[in-house]
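*Asks:* Pasting protein_29.pdb below, which is PDB, C-alpha atoms and all ligand atoms.
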ATOM      1  CA  MET A 953     -17.348   3.692  22.460
ATOM      2  CA  SER A 954     -14.413   4.314  24.821
ATOM      3  CA  ASP A 955     -13.171   7.812  25.594
ATOM      4  CA  GLU A 956      -9.943   6.999  23.774
ATOM      5  CA  THR A 957     -11.802   5.914  20.594
ATOM      6  CA  ARG A 958     -13.940   9.049  20.745
ATOM      7  CA  THR A 959     -10.862  11.250  21.134
ATOM      8  CA  THR A 960      -9.132   9.508  18.223
ATOM      9  CA  GLU A 961     -12.186   9.893  15.984
ATOM     10  CA  THR A 962     -12.516  13.578  16.872
ATOM     11  CA  ASP A 963      -8.821  14.077  16.148
ATOM     12  CA  GLN A 964      -9.154  12.316  12.765
ATOM     13  CA  ALA A 965     -12.268  14.280  11.802
ATOM     14  CA  GLU A 966     -10.596  17.578  12.738
ATOM     15  CA  PHE A 967      -7.400  16.763  10.853
ATOM     16  CA  LEU A 968      -9.432  15.734   7.779
ATOM     17  CA  ALA A 969     -11.388  19.001   7.936
ATOM     18  CA  GLU A 970      -8.115  20.976   8.104
ATOM     19  CA  LEU A 971      -6.660  19.098   5.126
ATOM     20  CA  LEU A 972      -9.793  19.726   3.050
ATOM     21  CA  ALA A 973      -9.992  23.382   4.050
ATOM     22  CA  ALA A 974      -6.341  23.886   3.056
ATOM     23  CA  GLY A 975      -6.950  22.229  -0.333
ATOM     24  CA  LEU A 976      -4.398  19.510   0.408
ATOM     25  CA  LEU A 977      -7.132  16.896  -0.045
ATOM     26  CA  ILE A 978     -10.206  17.138  -2.275
ATOM     27  CA  GLU A 979     -13.433  15.502  -1.185
ATOM     28  CA  SER A 980     -15.121  12.920  -3.455
ATOM     29  CA  GLY A 981     -18.274  12.217  -1.458
ATOM     30  CA  VAL A 982     -17.048   8.720  -0.487
ATOM     31  CA  ASP A 983     -15.083   8.070   2.709
ATOM     32  CA  GLY A 984     -11.455   7.206   2.038
ATOM     33  CA  VAL A 985     -11.370   8.527  -1.549
ATOM     34  CA  TYR A 986      -9.737  11.921  -2.073
ATOM     35  CA  GLY A 987      -8.165  13.988  -4.765
ATOM     36  CA  HIS A 988      -4.827  15.644  -4.002
ATOM     37  CA  GLY A 989      -4.055  19.335  -4.266
ATOM     38  CA  GLU A 990      -0.822  20.728  -5.685
ATOM     39  CA  VAL A 991       1.051  20.940  -2.366
ATOM     40  CA  PHE A 992       0.164  17.356  -1.422
ATOM     41  CA  GLU A 993       1.437  16.120  -4.781
ATOM     42  CA  PHE A 994       4.545  18.325  -4.567
ATOM     43  CA  ILE A 995       5.533  16.459  -1.389
ATOM     44  CA  ARG A 996       4.412  13.023  -2.590
ATOM     45  CA  GLU A 997       6.308  13.238  -5.877
ATOM     46  CA  ARG A 998       9.541  14.055  -4.018
ATOM     47  CA  LEU A 999       8.988  11.036  -1.771
ATOM     48  CA  THR A1000       8.709   8.796  -4.829
ATOM     49  CA  ALA A1001      11.898  10.249  -6.259
ATOM     50  CA  ILE A1002      13.802   9.847  -2.974
ATOM     51  CA  VAL A1003      12.761   6.214  -2.423
ATOM     52  CA  SER A1004      13.741   5.448  -6.037
ATOM     53  CA  GLU A1005      17.100   7.211  -5.519
ATOM     54  CA  ILE A1006      17.742   5.086  -2.417
ATOM     55  CA  ALA A1007      16.869   1.932  -4.385
ATOM     56  CA  LYS A1008      19.212   2.982  -7.183
ATOM     57  CA  SER A1009      22.122   3.630  -4.820
ATOM     58  CA  HIS A1010      21.588   0.364  -2.873
ATOM     59  CA  GLY A1011      22.148  -2.348  -5.430
ATOM     60  CA  GLY A1012      20.303  -0.695  -8.309
ATOM     61  CA  ALA A1013      16.748  -1.550  -9.252
ATOM     62  CA  ALA A1014      15.002  -2.474 -12.490
ATOM     63  CA  LYS A1015      11.970  -0.254 -13.028
ATOM     64  CA  LEU A1016       8.683  -1.964 -13.811
ATOM     65  CA  SER A1017       5.221  -0.448 -13.737
ATOM     66  CA  PHE A1018       1.772  -2.047 -13.496
ATOM     67  CA  PRO A1019      -1.796  -0.746 -13.821
ATOM     68  CA  PRO A1020      -4.120  -0.259 -10.813
ATOM     69  CA  VAL A1021      -6.135  -3.319 -11.878
ATOM     70  CA  ILE A1022      -4.943  -6.921 -11.702
ATOM     71  CA  PRO A1023      -6.196 -10.113 -13.374
ATOM     72  CA  ARG A1024      -8.759 -11.767 -11.096
ATOM     73  CA  ARG A1025      -6.907 -15.020 -11.659
ATOM     74  CA  THR A1026      -3.775 -13.597  -9.986
ATOM     75  CA  LEU A1027      -5.638 -12.768  -6.750
ATOM     76  CA  GLU A1028      -7.433 -16.132  -6.875
ATOM     77  CA  THR A1029      -4.095 -17.924  -7.190
ATOM     78  CA  ASN A1030      -2.181 -15.940  -4.564
ATOM     79  CA  GLY A1031      -4.899 -16.439  -1.931
ATOM     80  CA  TYR A1032      -5.900 -12.773  -1.587
ATOM     81  CA  VAL A1033      -9.593 -13.446  -2.268
ATOM     82  CA  GLY A1034      -9.690 -16.096   0.471
ATOM     83  CA  ASN A1035      -7.457 -14.322   2.989
ATOM     84  CA  PHE A1036      -8.690 -10.719   2.582
ATOM     85  CA  PRO A1037     -12.283 -10.975   1.276
ATOM     86  CA  HIS A1038     -13.208  -7.859   3.276
ATOM     87  CA  LEU A1039     -10.582  -5.711   1.536
ATOM     88  CA  ALA A1040     -10.766  -7.048  -2.039
ATOM     89  CA  GLY A1041     -12.447  -5.026  -4.787
ATOM     90  CA  SER A1042     -13.857  -6.908  -7.808
ATOM     91  CA  ILE A1043     -14.646  -5.167 -11.078
ATOM     92  CA  PHE A1044     -18.045  -5.802 -12.645
ATOM     93  CA  GLY A1045     -19.258  -4.788 -16.088
ATOM     94  CA  PHE A1046     -22.354  -4.734 -18.277
ATOM     95  CA  GLU A1047     -22.904  -7.279 -21.051
ATOM     96  CA  GLY A1048     -26.676  -7.166 -21.440
ATOM     97  CA  SER A1049     -29.212  -6.259 -24.115
ATOM     98  CA  GLU A1050     -30.364  -2.839 -25.253
ATOM     99  CA  ALA A1051     -33.503  -3.133 -23.114
ATOM    100  CA  GLN A1052     -31.408  -3.989 -20.073
ATOM    101  CA  ALA A1053     -29.101  -1.068 -20.808
ATOM    102  CA  MET A1054     -32.119   1.252 -20.836
ATOM    103  CA  GLU A1055     -33.366  -0.155 -17.537
ATOM    104  CA  GLN A1056     -29.911   0.053 -15.970
ATOM    105  CA  GLY A1057     -29.520   3.652 -17.141
ATOM    106  CA  ALA A1058     -32.911   4.643 -15.728
ATOM    107  CA  ARG A1059     -32.230   3.051 -12.375
ATOM    108  CA  ALA A1060     -28.740   4.560 -12.216
ATOM    109  CA  ALA A1061     -30.130   8.011 -12.985
ATOM    110  CA  ALA A1062     -32.526   7.580 -10.068
ATOM    111  CA  HIS A1063     -29.689   6.214  -7.857
ATOM    112  CA  GLU A1064     -31.560   2.927  -7.463
ATOM    113  CA  ASP A1065     -30.008  -0.567  -7.387
ATOM    114  CA  TRP A1066     -28.755  -1.583 -10.881
ATOM    115  CA  SER A1067     -26.432  -4.373  -9.720
ATOM    116  CA  GLU A1068     -28.543  -7.140 -11.319
ATOM    117  CA  PHE A1069     -27.296  -6.028 -14.756
ATOM    118  CA  GLN A1070     -23.646  -6.346 -13.776
ATOM    119  CA  SER A1071     -21.467  -9.432 -14.063
ATOM    120  CA  GLN A1072     -17.972 -10.127 -12.845
ATOM    121  CA  THR A1073     -15.110  -9.322 -15.226
ATOM    122  CA  ASP A1074     -11.611 -10.823 -15.399
ATOM    123  CA  LEU A1075     -10.260  -7.889 -13.374
ATOM    124  CA  MET A1076      -9.982  -6.837  -9.754
ATOM    125  CA  MET A1077      -8.558  -3.726  -8.133
ATOM    126  CA  LEU A1078      -4.852  -3.978  -7.325
ATOM    127  CA  PRO A1079      -4.591  -4.333  -3.500
ATOM    128  CA  ALA A1080      -0.789  -4.336  -3.109
ATOM    129  CA  ALA A1081       1.735  -2.915  -5.538
ATOM    130  CA  CYS A1082       4.048  -5.938  -5.565
ATOM    131  CA  TYR A1083       1.549  -8.678  -6.501
ATOM    132  CA  PRO A1084       1.964  -8.415 -10.304
ATOM    133  CA  VAL A1085       5.763  -8.577 -10.025
ATOM    134  CA  TYR A1086       6.152 -12.245  -9.027
ATOM    135  CA  PRO A1087       4.234 -13.853 -11.938
ATOM    136  CA  ALA A1088       5.808 -11.346 -14.356
ATOM    137  CA  LEU A1089       9.341 -12.278 -13.249
ATOM    138  CA  ALA A1090       8.515 -16.003 -13.263
ATOM    139  CA  ASP A1091       7.461 -15.702 -16.927
ATOM    140  CA  ARG A1092      11.006 -14.639 -17.806
ATOM    141  CA  GLY A1093      12.430 -17.994 -16.673
ATOM    142  CA  PRO A1094      15.027 -18.657 -13.924
ATOM    143  CA  LEU A1095      16.660 -15.598 -12.352
ATOM    144  CA  ASP A1096      20.280 -14.666 -12.975
ATOM    145  CA  PRO A1097      22.614 -15.518 -10.070
ATOM    146  CA  GLY A1098      22.183 -12.880  -7.375
ATOM    147  CA  GLY A1099      18.518 -12.373  -8.241
ATOM    148  CA  VAL A1100      16.903  -9.033  -8.948
ATOM    149  CA  ILE A1101      15.641  -5.828  -7.311
ATOM    150  CA  VAL A1102      12.579  -4.156  -8.818
ATOM    151  CA  ASP A1103      11.350  -0.601  -8.242
ATOM    152  CA  ILE A1104       7.646  -0.482  -9.136
ATOM    153  CA  GLY A1105       7.275   3.213  -8.379
ATOM    154  CA  ALA A1106       4.125   4.631  -6.842
ATOM    155  CA  SER A1107       1.117   2.435  -7.712
ATOM    156  CA  TRP A1108      -2.519   3.243  -7.023
ATOM    157  CA  VAL A1109      -3.924   0.467  -4.855
ATOM    158  CA  PHE A1110      -7.432  -0.241  -3.554
ATOM    159  CA  ARG A1111      -8.633  -1.703  -0.269
ATOM    160  CA  HIS A1112     -12.280  -1.718   0.721
ATOM    161  CA  GLU A1113     -11.929  -0.125   4.134
ATOM    162  CA  PRO A1114     -14.036   3.059   4.204
ATOM    163  CA  SER A1115     -13.123   5.278   7.149
ATOM    164  CA  ILE A1116     -13.253   8.875   8.279
ATOM    165  CA  ASP A1117      -9.557   8.627   9.166
ATOM    166  CA  PRO A1118      -7.689  10.579   6.460
ATOM    167  CA  ALA A1119      -4.841   8.060   6.855
ATOM    168  CA  ARG A1120      -7.097   5.094   6.064
ATOM    169  CA  ARG A1121      -8.006   5.310   2.408
ATOM    170  CA  GLN A1122      -9.788   3.017   0.016
ATOM    171  CA  SER A1123      -7.670   4.270  -2.879
ATOM    172  CA  PHE A1124      -4.087   5.232  -2.096
ATOM    173  CA  ARG A1125      -0.532   5.253  -3.393
ATOM    174  CA  MET A1126       1.962   2.594  -2.401
ATOM    175  CA  HIS A1127       5.594   2.714  -3.537
ATOM    176  CA  GLU A1128       7.155  -0.730  -3.394
ATOM    177  CA  ILE A1129      10.664  -2.022  -3.940
ATOM    178  CA  VAL A1130      10.834  -5.789  -4.366
ATOM    179  CA  ARG A1131      13.763  -8.144  -3.833
ATOM    180  CA  VAL A1132      13.829 -11.613  -5.366
ATOM    181  CA  GLY A1133      16.725 -14.023  -4.972
ATOM    182  CA  GLU A1134      18.617 -16.385  -2.688
ATOM    183  CA  PRO A1135      17.286 -16.664   0.911
ATOM    184  CA  GLU A1136      20.219 -15.007   2.749
ATOM    185  CA  ALA A1137      20.417 -12.116   0.275
ATOM    186  CA  VAL A1138      16.688 -11.467   0.476
ATOM    187  CA  GLU A1139      16.592 -11.576   4.265
ATOM    188  CA  ALA A1140      19.586  -9.230   4.499
ATOM    189  CA  TRP A1141      17.935  -6.885   2.004
ATOM    190  CA  ARG A1142      14.762  -6.674   4.089
ATOM    191  CA  LEU A1143      16.805  -5.808   7.180
ATOM    192  CA  GLU A1144      18.787  -3.197   5.223
ATOM    193  CA  TRP A1145      15.578  -1.549   3.920
ATOM    194  CA  SER A1146      14.004  -1.464   7.367
ATOM    195  CA  LYS A1147      17.069   0.516   8.503
ATOM    196  CA  LEU A1148      16.994   2.736   5.415
ATOM    197  CA  GLY A1149      13.330   3.426   6.147
ATOM    198  CA  VAL A1150      14.034   4.458   9.743
ATOM    199  CA  GLU A1151      16.933   6.620   8.538
ATOM    200  CA  LEU A1152      14.817   8.381   5.907
ATOM    201  CA  PHE A1153      11.907   9.032   8.273
ATOM    202  CA  THR A1154      14.293  10.344  10.936
ATOM    203  CA  GLU A1155      15.931  12.686   8.406
ATOM    204  CA  LEU A1156      12.450  13.932   7.559
ATOM    205  CA  GLY A1157      11.923  14.777  11.228
ATOM    206  CA  LEU A1158       9.340  12.034  11.836
ATOM    207  CA  ASP A1159       9.131  10.246  15.171
ATOM    208  CA  ALA A1160       9.347   6.738  13.671
ATOM    209  CA  HIS A1161       9.909   3.317  15.167
ATOM    210  CA  LEU A1162       9.845  -0.248  13.843
ATOM    211  CA  GLU A1163       7.513  -2.916  15.193
ATOM    212  CA  ASN A1164       6.787  -6.527  14.419
ATOM    213  CA  ALA A1165       3.304  -6.717  12.862
ATOM    214  CA  ASN A1166       0.825  -8.845  10.952
ATOM    215  CA  ASP A1167      -1.624  -8.444   8.077
ATOM    216  CA  PRO A1168      -5.393  -8.183   8.796
ATOM    217  CA  PHE A1169      -6.276 -11.724   7.602
ATOM    218  CA  PHE A1170     -10.047 -12.394   7.689
ATOM    219  CA  GLY A1171     -11.884 -14.471  10.284
ATOM    220  CA  ARG A1172     -10.907 -17.202  12.704
ATOM    221  CA  ILE A1173      -8.476 -18.983  10.398
ATOM    222  CA  GLY A1174      -7.088 -15.558   9.601
ATOM    223  CA  ARG A1175      -6.216 -15.040  13.245
ATOM    224  CA  LEU A1176      -4.042 -18.165  13.103
ATOM    225  CA  LEU A1177      -2.338 -16.959   9.920
ATOM    226  CA  ALA A1178      -1.712 -13.567  11.522
ATOM    227  CA  ALA A1179      -0.279 -15.180  14.674
ATOM    228  CA  ASN A1180       2.029 -17.287  12.529
ATOM    229  CA  GLN A1181       3.194 -14.293  10.496
ATOM    230  CA  SER A1182       3.896 -12.435  13.692
ATOM    231  CA  ALA A1183       5.757 -15.356  15.331
ATOM    232  CA  GLU A1184       7.990 -15.712  12.263
ATOM    233  CA  GLU A1185       8.619 -11.923  12.165
ATOM    234  CA  LEU A1186       7.635 -11.768   8.498
ATOM    235  CA  LYS A1187       6.176  -8.249   8.659
ATOM    236  CA  TRP A1188       7.801  -5.209  10.222
ATOM    237  CA  GLU A1189       6.055  -1.876  10.198
ATOM    238  CA  LEU A1190       7.443   1.617  10.499
ATOM    239  CA  LEU A1191       5.053   3.529  12.746
ATOM    240  CA  VAL A1192       4.642   7.287  13.039
ATOM    241  CA  PRO A1193       2.113   9.289  15.088
ATOM    242  CA  ILE A1194      -0.510  10.948  12.881
ATOM    243  CA  THR A1195      -3.797  11.147  14.789
ATOM    244  CA  GLY A1196      -5.014   9.637  18.045
ATOM    245  CA  SER A1197      -2.903   7.931  20.677
ATOM    246  CA  GLU A1198      -1.682   5.012  18.518
ATOM    247  CA  PRO A1199       0.975   5.567  15.845
ATOM    248  CA  THR A1200       0.105   4.656  12.229
ATOM    249  CA  ALA A1201       1.969   2.226   9.931
ATOM    250  CA  CYS A1202       3.570   4.324   7.206
ATOM    251  CA  ALA A1203       5.768   1.627   5.642
ATOM    252  CA  SER A1204       6.184  -2.140   5.880
ATOM    253  CA  PHE A1205       9.089  -4.499   5.247
ATOM    254  CA  ASN A1206       7.831  -7.937   4.382
ATOM    255  CA  TYR A1207       9.649 -11.246   3.968
ATOM    256  CA  HIS A1208       7.618 -13.919   2.162
ATOM    257  CA  LEU A1209      10.164 -16.756   2.452
ATOM    258  CA  ASP A1210       9.651 -18.990  -0.655
ATOM    259  CA  HIS A1211       5.841 -18.488  -0.579
ATOM    260  CA  PHE A1212       5.627 -16.561  -3.871
ATOM    261  CA  GLY A1213       8.600 -18.449  -5.359
ATOM    262  CA  GLU A1214       6.736 -21.761  -4.945
ATOM    263  CA  MET A1215       3.361 -20.299  -5.882
ATOM    264  CA  TRP A1216       4.483 -18.761  -9.167
ATOM    265  CA  ASP A1217       7.288 -21.212  -9.996
ATOM    266  CA  LEU A1218       9.728 -18.334  -9.701
ATOM    267  CA  LYS A1219      13.127 -20.007  -9.801
ATOM    268  CA  LEU A1220      16.679 -19.196  -8.799
ATOM    269  CA  SER A1221      19.496 -19.807 -11.278
ATOM    270  CA  ASP A1222      20.049 -23.242  -9.667
ATOM    271  CA  GLY A1223      16.390 -24.207 -10.130
ATOM    272  CA  GLY A1224      15.361 -23.795  -6.461
ATOM    273  CA  PRO A1225      12.398 -21.598  -5.477
ATOM    274  CA  ALA A1226      13.279 -17.908  -5.142
ATOM    275  CA  HIS A1227      12.741 -16.101  -1.855
ATOM    276  CA  THR A1228      11.050 -12.708  -1.996
ATOM    277  CA  ALA A1229      10.687  -9.586   0.135
ATOM    278  CA  CYS A1230       9.195  -6.144  -0.368
ATOM    279  CA  ALA A1231       9.534  -2.677   1.146
ATOM    280  CA  ALA A1232       6.178  -0.868   0.884
ATOM    281  CA  PHE A1233       5.958   2.886   1.508
ATOM    282  CA  GLY A1234       2.431   4.195   2.090
ATOM    283  CA  GLN A1235       2.906   7.544   0.398
ATOM    284  CA  ASP A1236      -0.313   9.215   1.502
ATOM    285  CA  ARG A1237       0.356   8.335   5.114
ATOM    286  CA  ILE A1238       3.928   9.633   4.951
ATOM    287  CA  VAL A1239       2.698  12.943   3.498
ATOM    288  CA  LEU A1240       0.047  13.133   6.244
ATOM    289  CA  ALA A1241       2.647  12.337   8.920
ATOM    290  CA  LEU A1242       4.816  15.193   7.595
ATOM    291  CA  LEU A1243       1.875  17.616   7.502
ATOM    292  CA  ARG A1244       0.783  16.610  10.982
ATOM    293  CA  THR A1245       4.292  16.782  12.454
ATOM    294  CA  HIS A1246       5.561  19.949  10.767
ATOM    295  CA  GLY A1247       2.337  21.802   9.870
ATOM    296  CA  LEU A1248       0.301  22.255   6.699
ATOM    297  CA  ASP A1249       2.707  24.687   5.008
ATOM    298  CA  PRO A1250       5.925  23.005   3.728
ATOM    299  CA  ASP A1251       7.578  26.457   3.465
ATOM    300  CA  LYS A1252       7.565  26.546   7.272
ATOM    301  CA  TRP A1253       8.922  23.039   7.839
ATOM    302  CA  PRO A1254      12.279  22.555   9.629
ATOM    303  CA  THR A1255      15.243  23.168   7.325
ATOM    304  CA  THR A1256      16.598  19.624   7.712
ATOM    305  CA  ALA A1257      13.353  18.078   6.481
ATOM    306  CA  ARG A1258      13.123  20.593   3.630
ATOM    307  CA  LEU A1259      16.712  19.916   2.610
ATOM    308  CA  ARG A1260      16.186  16.144   2.591
ATOM    309  CA  LEU A1261      13.136  16.542   0.379
ATOM    310  CA  TRP A1262      14.062  19.365  -1.959
ATOM    311  CA  GLY A1263      17.861  19.615  -1.563
TER
HETATM  312  P1  LIG A1301       0.706  -3.252   3.745
HETATM  313  O1  LIG A1301       0.776  -4.033   2.463
HETATM  314  O2  LIG A1301      -0.611  -3.430   4.455
HETATM  315  O3  LIG A1301       1.897  -3.444   4.627
HETATM  316  O4  LIG A1301       0.677  -1.734   3.289
HETATM  317  C1  LIG A1301       1.840  -1.023   2.963
HETATM  318  C2  LIG A1301       1.688   0.400   3.421
HETATM  319  O5  LIG A1301       0.584   0.994   2.743
HETATM  320  C3  LIG A1301       1.350   0.546   4.905
HETATM  321  O6  LIG A1301       2.514   0.547   5.704
HETATM  322  C4  LIG A1301       0.672   1.884   4.917
HETATM  323  O7  LIG A1301       1.605   2.928   4.963
HETATM  324  C5  LIG A1301      -0.041   1.930   3.586
HETATM  325  N1  LIG A1301      -1.468   1.593   3.747
HETATM  326  C6  LIG A1301      -2.017   0.387   4.007
HETATM  327  N2  LIG A1301      -3.349   0.468   4.078
HETATM  328  C7  LIG A1301      -3.672   1.770   3.876
HETATM  329  C8  LIG A1301      -4.896   2.506   3.816
HETATM  330  N3  LIG A1301      -6.076   1.925   3.966
HETATM  331  N4  LIG A1301      -4.813   3.835   3.578
HETATM  332  C9  LIG A1301      -3.634   4.454   3.398
HETATM  333  N5  LIG A1301      -2.455   3.809   3.433
HETATM  334  C10 LIG A1301      -2.461   2.496   3.668
HETATM  335 ZN    ZN A1302       4.621  -6.046  -1.261
END
Now, as a test, write the supplied structure out as C-alpha cells.

*Replies:*
Amino acid sequence: MSDETRTTETDQAEFLAELLAAGLLIESGVDGVYGHGEVFEFIRERLTAIVSEIAKSHGGAAKLSFPPVIPRRTLETNGYVGNFPHLAGSIFGFEGSEAQAMEQGARAAAHEDWSEFQSQTDLMMLPAACYPVYPALADRGPLDPGGVIVDIGASWVFRHEPSIDPARRQSFRMHEIVRVGEPEAVEAWRLEWSKLGVELFTELGLDAHLENANDPFFGRIGRLLAANQSAEELKWELLVPITGSEPTACASFNYHLDHFGEMWDLKLSDGGPAHTACAAFGQDRIVLALLRTHGLDPDKWPTTARLRLWG
C-alpha cells in the first residue's frame, strides 16, 4: 500500500467516524450502507428541491418516479449485467417447501449459509436512476417534436462496491434529470446542465471542476469500452474534494447518443431513433462535500451557501 493510499484511507476512516459520532450517518453493520440523521436529510432534501427547481426553470420537466428495484429483463437488455457484473445486485427469493423453510430459518438464525434455498427472481436492484425511463417513454409511442425532459427526483440506487469511504456507498441517492429528443437539442442540453452543475456547486461554496471521464466497465473488454467512452467525451464528471488527495465525482453529465433510442425503439416524431442524455447528481456525495468543506454544523456554514440552500 502506498503512503498516499494509506493517507487517503486514514482520512476516509476519520471522516466516517466524525459523521457517525455527529449522528449525520447511522451505522448498519455493513460497509457502504448507512442511515441518515435529521441534519443530513435536511440538507439532502433541499438539494433535491433545488435541482428540481433548476429543471423546472430550464425547459420544464415532467416528473416521473420509479422504485429502487428494476425488472431483471431491463438490465439484461441494456447490457448492465454484462458490462457491470461486479456492481449489479440481483434479488433472490424463497419458493421451497415447508421443510426447506424450516431448514433455511434454522441456518439463518445461526448465521450459516442458507443460499441453497434461494432462487433468482424477476427483479434486480436499480443501479442508475435513469434506466427505467427509456423503456417507459418508448412504450408511449413516438415523442412529440422537441422531445421531452424528465425529472425522476431522488432515487435509491444500489451498486455492490463495499468500502470504508463514506462517499462510496452500496445504497445511495441519485437525482437524475433526463433529456430525450433530437441529437442537437440533447447535446446542447447536456452542455447546459454541465454548466448549471458547476454554477450550483460554486454557489454552494464547493471547489468543483469538470473532467472527461468513463464508467467502470468490467474486465479487458470493459477497458476498451471505457476508452471509447472517454475518446467520444460521452461522460463528464463534476469533481469536488472530499477526502484524500483525489477529488470525488459528485455529479455526471452523460450523452448516450442513440444507444438507448435504438435499444428501446424510442422514436422521435419523424420515426428516427431518439438521442438521450442524463444529468446525475450523487446526493450523498454532495452533502458530504458540503459537510467536509464547510464543517458538520450547517448553522455555521458561509452565508452564501446557506442562502442558496435555504433562501
Ligand atoms: P454515475 O452513473 O456513475 O455517473 O453516478 C452518478 C453519480 O452518483 C456520481 O457522480 C456520484 O456522485 C454518485 N455515485 C456513484 N457511485 C456512488 C457510490 N458508490 N456511492 C455514492 N455515490 C455514488
Ligand atoms: Zn443516467

*Asks:* Could you tell me which residues the PyMOL selection byres (((chain A and resi 1130-1140) around 7) and not hetatm) returns for this structure, as a VMD selection string?

*Replies:* chain A and resid 1082 1098 to 1103 1128 to 1129 1141 to 1144 1207 1220 1226 to 1231

*Asks:* Here is a test: counting all atoms listed in the file, which residue of A:Ala1080, A:Leu1190, A:Leu1242, A:Leu1177 is nearest to Gly1157 of chain A?

*Replies:* A:Leu1242

*Asks:* Go through A:Pro1023, A:Leu977, A:Asp1222, A:Met953 and flag the residue nearest Phe992 of chain A, using only C-alpha atoms for the distances.

*Replies:*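 Of the candidates, the smallest distance to Phe992 of chain A is held by A:Leu977.
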
*Asks:* Hey, what comes out of the PyMOL selection byres (((chain A and resi 1002) around 12) and not hetatm) on this file? Could you write it as a PyMOL selection string?

*Replies:* chain A and resi 995-1001+1003-1009+1103+1105-1106+1127+1148-1149+1152-1153+1155-1156+1233+1235+1259-1263

*Asks:* Might you pull out every residue within 9 Å of Ala1178 of chain A, with all atoms listed in the file counted and same-chain residues fewer than 5 positions away left off, and present them as a list in words?

*Replies:*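 Selected residues are Ala1165, Asn1166, Asp1167, Pro1168, Phe1169, Ile1173 and Ala1183 of chain A.
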
*Asks:* Since I can't run it myself right now, could you work out what the PyMOL selection byres (((chain A and resi 971) around 10) and not hetatm) selects here and report it as a list in words?

*Replies:*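 With the shown file as input, the PyMOL selection byres (((chain A and resi 971) around 10) and not hetatm) matches Ala965, Glu966, Phe967, Leu968, Ala969, Glu970, Leu972, Ala973, Ala974, Gly975, Leu976, Leu977, Ile978, Glu979, His988, Gly989, Phe992, Pro1118, Leu1240, Leu1243, Arg1244 and Leu1248 of chain A.
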
*Asks:* Selection from above, C-alpha atoms, as a compact mmCIF listing (two decimals), keeping the file's coordinate frame, can you write it?

*Replies:*
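Wrote it out as out-v1.txt, contents follow:
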# COMPACT_ATOMS: atom_id res chain seq x y z
CA ALA A 965 -12.27 14.28 11.80
CA GLU A 966 -10.60 17.58 12.74
CA PHE A 967 -7.40 16.76 10.85
CA LEU A 968 -9.43 15.73 7.78
CA ALA A 969 -11.39 19.00 7.94
CA GLU A 970 -8.12 20.98 8.10
CA LEU A 972 -9.79 19.73 3.05
CA ALA A 973 -9.99 23.38 4.05
CA ALA A 974 -6.34 23.89 3.06
CA GLY A 975 -6.95 22.23 -0.33
CA LEU A 976 -4.40 19.51 0.41
CA LEU A 977 -7.13 16.90 -0.04
CA ILE A 978 -10.21 17.14 -2.28
CA GLU A 979 -13.43 15.50 -1.18
CA HIS A 988 -4.83 15.64 -4.00
CA GLY A 989 -4.06 19.34 -4.27
CA PHE A 992 0.16 17.36 -1.42
CA PRO A 1118 -7.69 10.58 6.46
CA LEU A 1240 0.05 13.13 6.24
CA LEU A 1243 1.88 17.62 7.50
CA ARG A 1244 0.78 16.61 10.98
CA LEU A 1248 0.30 22.26 6.70

*Asks:* Could you tell me how far atom CA of Gly1223 of chain A lies from atom CA of Phe1018 of chain A, in Å and to one decimal?

*Replies:*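 According to the coordinates, atom CA of Gly1223 of chain A and atom CA of Phe1018 of chain A are separated by 26.8 Å.
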
*Asks:* Between atom ZN of ligand ZN 1302 (chain A) and atom CA of Gly987 of chain A, measure the distance and give it in Å to one decimal.

*Replies:*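 Computing the Euclidean distance for atom ZN of ligand ZN 1302 (chain A) and atom CA of Gly987 of chain A yields 24.0 Å.
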
*Asks:* With all atoms listed in the file counted and 6 Å as the cut-off, give the residues of chain A in contact with ligand LIG 1301 (chain A), each with its shortest interatomic distance in Å and the pair that gives it, as CSV.

*Replies:*
residue,atom,partner,partner_atom,distance
A:Ala1080,CA,A:LIG1301,O1,5.8
A:Ala1119,CA,A:LIG1301,C9,5.1
A:Arg1120,CA,A:LIG1301,N4,3.6
A:Arg1121,CA,A:LIG1301,N4,3.7
A:Gln1122,CA,A:LIG1301,N3,5.5
A:Phe1124,CA,A:LIG1301,C9,5.6
A:Met1126,CA,A:LIG1301,O5,5.6
A:Ala1201,CA,A:LIG1301,O6,4.6
A:Cys1202,CA,A:LIG1301,O7,3.3
A:Ala1203,CA,A:LIG1301,O6,3.4
A:Ser1204,CA,A:LIG1301,O6,4.6
A:Ala1232,CA,A:LIG1301,C1,4.8
A:Phe1233,CA,A:LIG1301,C2,5.3
A:Gly1234,CA,A:LIG1301,O7,3.2
A:Arg1237,CA,A:LIG1301,O7,5.6

*Asks:* Return the single residue from A:Glu1189, A:Glu1151, A:Glu956, A:Asp1236 that is closest to Val985 of chain A, with distances computed using only C-alpha atoms.

*Replies:*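 Closest to Val985 of chain A of all the choices is A:Asp1236.
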
*Asks:* Could you please determine the separation between atom CA of Ser1146 of chain A and atom CA of Trp1108 of chain A in Å, to one decimal place?

*Replies:*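 Pair atom CA of Ser1146 of chain A / atom CA of Trp1108 of chain A returns 22.4 Å.
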
*Asks:* Using the partial input, fill out segment 1234-1239 of chain A with N, CA and C atoms; write the result as an mmCIF file, keeping the file's coordinate frame.

*Replies:*
data_model
loop_
_atom_site.group_PDB
_atom_site.id
_atom_site.type_symbol
_atom_site.label_atom_id
_atom_site.label_comp_id
_atom_site.auth_asym_id
_atom_site.auth_seq_id
_atom_site.Cartn_x
_atom_site.Cartn_y
_atom_site.Cartn_z
ATOM 1 N N GLY A 1234 3.782 3.654 2.247
ATOM 2 C CA GLY A 1234 2.431 4.195 2.090
ATOM 3 C C GLY A 1234 2.554 5.707 1.932
ATOM 4 N N GLN A 1235 2.572 6.140 0.668
ATOM 5 C CA GLN A 1235 2.906 7.544 0.398
ATOM 6 C C GLN A 1235 1.953 8.538 1.036
ATOM 7 N N ASP A 1236 0.660 8.247 0.963
ATOM 8 C CA ASP A 1236 -0.313 9.215 1.502
ATOM 9 C C ASP A 1236 -0.129 9.380 3.003
ATOM 10 N N ARG A 1237 0.146 8.257 3.663
ATOM 11 C CA ARG A 1237 0.356 8.335 5.114
ATOM 12 C C ARG A 1237 1.636 9.088 5.450
ATOM 13 N N ILE A 1238 2.678 8.914 4.652
ATOM 14 C CA ILE A 1238 3.928 9.633 4.951
ATOM 15 C C ILE A 1238 3.708 11.142 4.765
ATOM 16 N N VAL A 1239 2.993 11.512 3.708
ATOM 17 C CA VAL A 1239 2.698 12.943 3.498
ATOM 18 C C VAL A 1239 1.875 13.468 4.682
#
